[in-house]
Amino acid sequence: MGYIYADNAATTKMSRHAAEVMLGVIENNYANPSSLHSPGQLAAVQLAESRQAIAEILNCEPREIIFTGGGSEADNQALISAAAIGQRKGKKHIISTKFEHHAVLHTLQKLEKQGFEVTYLDVHENGIVRPEDVKAAIRPDTVLVSVMYANNEIGTIQPIRAIGAICREQGVLFHTDAVQAVGHLPIDVQADNIDMLSLSAHKFHGPKGVGALYARKGVALTSLIEGGAQERGKRAGTEDLPAIAGMAAALQDAVREMDANTAKVSALRDRLIEGLSAIPHSTLTGDREHRLPGCASFCFEGIEGESLLLLLDQKGIGASSGSACTSGSLDPSHVLLAIGLPHEVAHGSLRLTLSPENTPEEMEHIIQAVTDVVAYLRSISPVWNDLQKGIKNYVIQ
Ligand SMILES: *Cc1c(COP(=O)(O)O)cnc(C)c1O
């Protein structure tokens, strides 16, 4: 069996179709869409067609889409734009959640330093925001609510439509980081009452470094980059047409194949959840029902996620853990802490995220490998020894 890639929430393999579309643009449509000559106009047509394709899928107008350099940039621009609107109106309160992506959380921290006040809502044990909590947090000076569509670590899907309806009724802007959802779940910005939405191509088998921000007309965007008048003055810099066309093609494919992919991938996920739940003192993290079709996320008591990942990699399995071990810090994931897991358990996390390229045989291989590696790591763990001897109590029964 070849290497098993099960880290599709981190990034996906670009589809052959998206790569072919990109190569076609690189070779045949390389002029600058802002140029007045005919090759430039051909490039402008392809740019417009890509925008139209994405707008149709989200159910908005093409002029409500601006292209960005990915999901992080779209998140930054959405929050900074809403803050500027709030500043002009004297509204300096923002509502978000404890388990957003760092592109949102770090931008909010920056806004806090500039005098904005942020309420971080609880996501409860199941990893789902309650619309009534959003409603209760709204104040006369609230300018924005930002809640992610689906969480990238535990895969839980949020009640976006209900939250959007509350925001609409209260006259508060509503942004959603839909990077994990676009191309995987049906999304309609009108029906979902969304004012701003971030998406990223590399999470749905498109190219990396390109994304889009939907902003309902009337929502004034602040440009993050000074320069030319591209994207109606909201995002300076020559458009990356190969990447944008590749993103549009990948999204069209993802939406056309969505039902079939969801059926296939959720069956694989369900088998993983069944198989891994048999490991003693383990728990599925996040709600069992309201979760992304391809996401199985776990915590195992008495082990370190990093060691688990390294040993799985040696067995030919690429997975991910919630605990960010960047720059040697051993801080457990803010997402796992937000759903109420204690530090010692949050360290033993594993995230497996699937694509339609995965197979049932691979799932059996993963279940066996994780079961063996968890047993091995426990056999050499002093913490596990204490738990077994009753010196410490299990957190996960
Ligand atoms: C991946 C991801 C991002 C960042 O997108 P990039 O295109 O990598 O910048 C933002 N939010 C969520 C939920 C993500 O999963």
# chains A, B, ... in the order shown; residues from 1 in each chain; ligands from 1
>>> residues_near_ligand(ligand="ligand 1", cutoff="8 Å", atoms="only C-alpha atoms and all ligand atoms", output="count of residues only")
34
>>> select_by_dssp(residues="region 254-388 of chain A", states="alpha helix (DSSP H)", output="MDAnalysis selection string")
chainID A and resid 254:256 258:277 305:314 334:338 343:346 360:379 382:388
>>> residues_around(residues="region 286-300 of chain A", least_positions_apart="6", cutoff="7 Å", atoms="only C-alpha atoms", output="count of residues only")
22
>>> residues_around(residues="Tyr3 (chain A)", least_positions_apart="2", cutoff="9 Å", atoms="only C-alpha atoms", output="list of chain:residue names")
A:Met1, A:Tyr5, A:Asp313, A:Lys315, A:Gly316, A:Ile317, A:Gly318
>>> closest_residue(among="A:Asn32, A:Ser333, A:Gln388, A:Thr107", to="Ala83 (chain A)", atoms="only C-alpha atoms")
A:Thr107
>>> atom_distance(atom1="CA of Asn28 (chain A)", atom2="CA of Glu226 (chain A)")
29.2 Å
>>> residues_around(residues="Arg235 (chain A)", least_positions_apart="5", cutoff="9 Å", atoms="only C-alpha atoms", output="VMD selection string")
chain A and resid 66 to 68 222 to 230
>>> closest_atom_pairs(of="region 213-320 of chain A", to="region 13-26 of chain A", cutoff="7 Å", atoms="only C-alpha atoms", output="JSON lines")
{"residue": "A:Pro242", "atom": "CA", "partner": "A:Met22", "partner_atom": "CA", "distance": 4.6}
{"residue": "A:Ala243", "atom": "CA", "partner": "A:Met22", "partner_atom": "CA", "distance": 6.3}
{"residue": "A:Ala245", "atom": "CA", "partner": "A:Met22", "partner_atom": "CA", "distance": 6.6}
{"residue": "A:Gly246", "atom": "CA", "partner": "A:Ala18", "partner_atom": "CA", "distance": 4.5}
{"residue": "A:Met247", "atom": "CA", "partner": "A:Ala18", "partner_atom": "CA", "distance": 6.9}
{"residue": "A:Ala249", "atom": "CA", "partner": "A:Ala18", "partner_atom": "CA", "distance": 5.7}
{"residue": "A:Ala250", "atom": "CA", "partner": "A:Ala18", "partner_atom": "CA", "distance": 5.5}
>>> write_last_selection(atoms="all heavy atoms", output="PDB file, in the first residue's frame")
ATOM      1  N   PRO A 242      -3.993  32.388 -13.701  1.00  0.00           N
ATOM      2  CA  PRO A 242      -3.950  30.919 -13.718  1.00  0.00           C
ATOM      3  C   PRO A 242      -4.565  30.319 -12.447  1.00  0.00           C
ATOM      4  O   PRO A 242      -5.370  29.378 -12.515  1.00  0.00           O
ATOM      5  CB  PRO A 242      -2.448  30.606 -13.802  1.00  0.00           C
ATOM      6  CG  PRO A 242      -1.837  31.822 -14.417  1.00  0.00           C
ATOM      7  CD  PRO A 242      -2.657  32.985 -13.926  1.00  0.00           C
ATOM      8  N   ALA A 243      -4.202  30.882 -11.292  1.00  0.00           N
ATOM      9  CA  ALA A 243      -4.712  30.348 -10.026  1.00  0.00           C
ATOM     10  C   ALA A 243      -6.223  30.592  -9.891  1.00  0.00           C
ATOM     11  O   ALA A 243      -6.969  29.721  -9.428  1.00  0.00           O
ATOM     12  CB  ALA A 243      -3.968  30.982  -8.855  1.00  0.00           C
ATOM     13  N   ALA A 245      -8.453  30.951 -12.316  1.00  0.00           N
ATOM     14  CA  ALA A 245      -9.176  30.061 -13.229  1.00  0.00           C
ATOM     15  C   ALA A 245      -9.142  28.620 -12.702  1.00  0.00           C
ATOM     16  O   ALA A 245     -10.138  27.887 -12.793  1.00  0.00           O
ATOM     17  CB  ALA A 245      -8.578  30.139 -14.626  1.00  0.00           C
ATOM     18  N   GLY A 246      -8.001  28.226 -12.116  1.00  0.00           N
ATOM     19  CA  GLY A 246      -7.893  26.888 -11.535  1.00  0.00           C
ATOM     20  C   GLY A 246      -8.840  26.729 -10.359  1.00  0.00           C
ATOM     21  O   GLY A 246      -9.475  25.680 -10.175  1.00  0.00           O
ATOM     22  N   MET A 247      -8.962  27.785  -9.549  1.00  0.00           N
ATOM     23  CA  MET A 247      -9.888  27.748  -8.403  1.00  0.00           C
ATOM     24  C   MET A 247     -11.328  27.600  -8.885  1.00  0.00           C
ATOM     25  O   MET A 247     -12.086  26.782  -8.339  1.00  0.00           O
ATOM     26  CB  MET A 247      -9.745  29.042  -7.589  1.00  0.00           C
ATOM     27  CG  MET A 247     -10.840  29.265  -6.555  1.00  0.00           C
ATOM     28  SD  MET A 247     -10.436  30.525  -5.321  1.00  0.00           S
ATOM     29  CE  MET A 247     -10.437  32.026  -6.282  1.00  0.00           C
ATOM     30  N   ALA A 249     -12.428  26.304 -11.666  1.00  0.00           N
ATOM     31  CA  ALA A 249     -12.641  24.953 -12.204  1.00  0.00           C
ATOM     32  C   ALA A 249     -12.765  23.937 -11.073  1.00  0.00           C
ATOM     33  O   ALA A 249     -13.657  23.072 -11.086  1.00  0.00           O
ATOM     34  CB  ALA A 249     -11.477  24.580 -13.124  1.00  0.00           C
ATOM     35  N   ALA A 250     -11.896  24.068 -10.063  1.00  0.00           N
ATOM     36  CA  ALA A 250     -11.931  23.116  -8.942  1.00  0.00           C
ATOM     37  C   ALA A 250     -13.250  23.234  -8.179  1.00  0.00           C
ATOM     38  O   ALA A 250     -13.838  22.224  -7.756  1.00  0.00           O
ATOM     39  CB  ALA A 250     -10.750  23.370  -8.003  1.00  0.00           C
TER      40      ALA A 250
END
>>> residues_around(residues="region 128-133 of chain A", least_positions_apart="3", cutoff="6 Å", atoms="only C-alpha atoms", output="PyMOL selection string")
chain A and resi 123+136+158+163
>>> closest_residue(among="A:Asn393, A:Thr12, A:Thr283, A:Ser35", to="Pro207 (chain A)", atoms="only C-alpha atoms")
A:Thr12
>>> closest_residue(among="A:Pro356, A:Ile279, A:Arg232, A:Ala212", to="Ala263 (chain A)", atoms="only C-alpha atoms")
A:Pro356
>>> closest_residue(among="A:Asp259, A:Glu49, A:Glu361, A:Asp141", to="Lys92 (chain A)", atoms="only C-alpha atoms")
A:Asp141
>>> residues_around(residues="Pro33 (chain A)", least_positions_apart="2", cutoff="12 Å", atoms="only C-alpha atoms", output="VMD selection string")
chain A and resid 25 29 to 31 35 to 48 229 to 231 237 to 242
>>> closest_residue(among="A:Leu284, A:Ala215, A:Ile244, A:Leu108", to="Pro62 (chain A)", atoms="only C-alpha atoms")
A:Ala215
